[in-house]
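Undergrad: Attaching a single structure in structure tokens format; questions to follow.
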Amino acid sequence: MATDLAPPPTSAASISGRRRRRAGLRDVFTRYRWLYLMLLPGVVYFALFKYLPMYGVTIAFQDFLPFLGYSGSPWVGFKHFEELFSGPDFGRLLFNTLFLALLHIVFVFPAPIVVALLLNELRVTVLKRTVQSLVYIPHFLSWTIVASLTYILFAADFGVLSGWIRDVLGDTSKIDYMAQEEWFRPIVVLQQLWKQTGWGTIIYLAALAGVDPQLYEAARMDGAGRFKQLWHVTLPAIRPTIVVMAILASGNLLDSGFEQIWLMTTSLNRSVADVFDTYVYYSGITQGAISYSTAVGLFKGVAGVILIFGSNWLAKRLGQRGLF
Amino acid sequence: MNSMKHKKPATEYSTVGSRVFDVVNVAVLVGLALVTVLPLLYVLAGSFAGEAEISSRPFFLWPEKFVTESYRYIFATDTFVRALLTTVVVTAVGTVVQVLLTFTMAYPLAKRYLPGRALVLNLIIFTLVFTGGMIPTYLVVRDLGLLDSYWALILPLAINPFYLIIVKSFFQELPQALEEAARIDGCNEMGVFFKIVLPLSKPIIATFSLFYAVGIWNDYMSPLLYISDPDKWTLQILVRQLVSTDAANALSQMDRTWVPPEQGLKFAVVVIATLPILFFYPFLQKHFTKGVLIGSVKE
């Protein structure tokens, strides 16, 4: 391989002895000093903004006081976790978060697979390209824009979608659907479908492009029609991709997407909108419960790690390849 | 043509069921494309329409009377102009910083013979699985004195681990002969990187510049967390304030007698916050496939 054109190993490697080895380490640093120098800013970045916060989660087990710092604040063990699990908010948070996750699994996760399969059956190349170019666009728009479009389309007085809903339901009152509890979840799911379905097809289309045409030939020889080919050749071909995406998605089950949910939360729909992500912000930044909100975040993070490793293990048990 | 190459026997597509499916399929996908773009076209049309037209016509793609009142109003306010300039500058500076940091770190990580490389890579990959979370990160930013600083919008997101890994893989694929030649000519690794490797990487630099720029431009969470001074608001925060709350109150207008076009300015500000993205979209799309297969995994 090209990159194996490495400089020859340092001579120190062949000589034993502690002093020699230390000299060898210094040799290594001298030899690769430019590479290490280039590595340094990035390492500082990861240390500061990724690993220091990981150390910072220790305040979840303290009553953190800013002027006493990470080391001086008193330790309180699992107090904040007990407060979370036995508190009045936990049940609602867990229910709302899991409900949104369930809706995600049922509607949002399969949507790109279906659309990719449909695109794959489209034989007019120009049309296929055009549709692809258009449905990718929303991925690049911010959640603020998506939320704004929603406000405009669902506006109580002039919104075109609220007008349609009113016509369908025969509703004559000028209700603001954005403020209704029962409309929160449908709207959030619609937003996710609109923003991410098109973009999500890319990875499946790439997998579909890699299917060996001979498999279709063989299926046709055996008398398989279009739909049988889809079932017996196309779907099995993208199954590994679906599994990998499912494992990754499972790690995010408790991630409701902070920006989207925060932007769609109003004082009127809090009972259905509050999820762990926004609750961390609300309790930590707005109310200043630093240690408590860190504990909430840590609970979510650890659960995410368990979920991703768990589903990876499960995928392997079921005979799939898994992610790692 | 691609479709010619993959042409399948006619019998297979001539059955009634198959034909019906094709028609339905085209209809569904065209419908999907329309659902995607129509809201954007409506907002564009609405931004050039008067207040009366917005409230009386439920949906239109071309204003009956073409007016620029909404744009003239928002560009006459300090708040909007300042937010727009802030966002442009932060995006420009941030993109340069992020691309520079990402590419400089990716290069040594692409050298398989570098001692310690595997350790650093594993530590980076671990951050994809577990993070400290919002509050501990907020405390770090605060302790660094970055609250209410524009750097808080750039530095905490300086290196996207996914992008870093893609760039690293790209460097690994580069032919090593040129680098070797430069080294023999007495160039050190830093010189090789800036004189040989970066010029060879122009397309991928362009790709990730766009991805990073879109990321900063669209970022709502960082300014929400780290910026409390209204004078330092970014466009996304302003869009939020304008659309979800009383629009005109969020803008400081010098001329008190000018009655704001309440709805129209929401449309206009959404258009302006979207326009740069749509402008760069064709370029983004050209480079999609390079970064996207791993990048899309992120969501």
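So you can find residues: chains in the structure tokens are A, B, ... in the order shown, residues in each start at 1, and ligands are numbered from 1 in order.
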Please provide the set of residues having any atom within 8 Å of B:Leu101, restricted to only C-alpha atoms, with same-chain residues fewer than 3 positions apart removed, written as a VMD selection string.
TA: (chain A and resid 41 to 42) or (chain B and resid 97 to 98 104 to 105 158 to 159)
Undergrad: Can you pull out every residue within 12 Å of B:Val24, counting only C-alpha atoms, but drop anything in the same chain fewer than 6 positions away, and send it as a list in words?
TA: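 Those residues are Leu118, Glu121 and Leu122 of chain A; Gly17, Ser18, Val30 and Gly31 of chain B.
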Undergrad: Let's see if you can do this: from backbone DSSP, list all alpha helix (DSSP H) residues in stretch 111-280 of chain A, as a VMD selection string.
TA: chain A and resid 111 to 121 125 to 136 143 to 153 160 to 169 181 to 209 213 to 221 226 to 229 235 to 251 258 to 264 270 to 273 276 to 280
Undergrad: With only C-alpha atoms as the atoms that count, which of B:Phe126, B:Phe267, B:Tyr138, B:Phe103 lies nearest to B:Ala206?
TA: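 Residue with the minimum atom-to-atom distance to B:Ala206: B:Phe103.
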Undergrad: Set the distance at 8 Å and use only C-alpha atoms: which residues neighbour A:Ile285 once local chain neighbours fewer than 5 positions away are removed? I'd like the list as a VMD selection string.
TA: (chain A and resid 280 290) or (chain B and resid 135 225)
Undergrad: Near A:Gly322, within 6 Å and counting only C-alpha atoms, which residues show up once chain neighbours fewer than 5 positions away are dropped, as an NGL selection string?
TA: :A and (312 or 315-316)
Undergrad: Please list as a ChimeraX atom specification every residue within 6 Å of stretch 163-177 of chain B, counting only C-alpha atoms and excluding residues in the same chain fewer than 2 positions away.
TA: /B:102,106,110,160-161,179-180
Undergrad: Looking at only C-alpha atoms, which of A:Gln196, A:Ser256, A:Thr125, A:Gln180 is the one that sits closest to A:Phe140?
TA: A:Gln196
Undergrad: Just how far from atom CA of B:Tyr107 is atom CA of B:Asp185, in Å to one decimal?
TA: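 Atom CA of B:Tyr107 lies at a distance of 19.7 Å from atom CA of B:Asp185.
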Undergrad: Looking at only C-alpha atoms, which of B:Lys202, B:Arg19, B:Arg240, B:Lys286 is the one that sits closest to chain A?
TA: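 Distance minimum relative to chain A lands on B:Arg240.
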Undergrad: Write out as an MDAnalysis selection string the residues lying within 8 Å of A:Ala295, counting only C-alpha atoms and excluding same-chain residues fewer than 4 positions away.
TA: chainID A and resid 57 59:61 80:81 291 299
Undergrad: One number please: atom CA of A:Val146 to atom CA of A:Leu134, in Å, one decimal.
TA: 15.7 Å
Undergrad: Which residues, written as a ChimeraX atom specification, have at least one atom at most 12 Å from B:Leu155, with only C-alpha atoms counted and residues fewer than 3 positions away on the same chain left out?
TA: /A:41-42,44-46,48-50 /B:90-91,93-99,101-102,137,140-141,144,146-147,149-152,158-160,216,222,226
Undergrad: Could you dump the residues just selected with C-alpha atoms as a compact mmCIF listing (two decimals), in the first residue's frame?
TA:
# COMPACT_ATOMS: atom_id res chain seq x y z
CA PRO A 41 -3.93 22.00 17.63
CA GLY A 42 -6.41 19.22 16.93
CA VAL A 44 -5.87 20.51 22.09
CA TYR A 45 -9.33 20.92 20.52
CA PHE A 46 -10.42 17.40 21.44
CA LEU A 48 -10.68 21.04 25.60
CA PHE A 49 -14.07 20.62 23.97
CA LYS A 50 -14.61 16.85 24.09
CA VAL B 90 -18.62 34.51 11.73
CA THR B 91 -19.36 32.03 8.95
CA VAL B 93 -13.87 33.27 9.70
CA GLY B 94 -15.25 30.09 11.25
CA THR B 95 -15.04 28.14 8.03
CA VAL B 96 -11.38 29.07 7.55
CA VAL B 97 -10.53 28.12 11.15
CA GLN B 98 -12.45 24.84 11.01
CA VAL B 99 -11.07 23.75 7.64
CA LEU B 101 -7.78 22.74 11.99
CA THR B 102 -9.45 19.72 10.40
CA THR B 137 -19.49 21.82 27.46
CA VAL B 140 -15.90 24.78 29.56
CA VAL B 141 -16.89 27.54 27.16
CA LEU B 144 -12.56 29.87 28.79
CA LEU B 146 -15.98 32.72 25.59
CA LEU B 147 -19.53 33.57 26.65
CA SER B 149 -17.87 35.99 22.22
CA TYR B 150 -18.20 35.12 18.55
CA TRP B 151 -15.47 32.51 19.07
CA ALA B 152 -18.01 30.47 21.05
CA ALA B 158 -14.00 23.46 15.24
CA ILE B 159 -13.43 19.86 14.18
CA ASN B 160 -16.25 17.59 13.08
CA ILE B 216 -22.14 27.60 11.11
CA SER B 222 -24.58 27.63 19.91
CA TYR B 226 -23.48 31.13 24.43
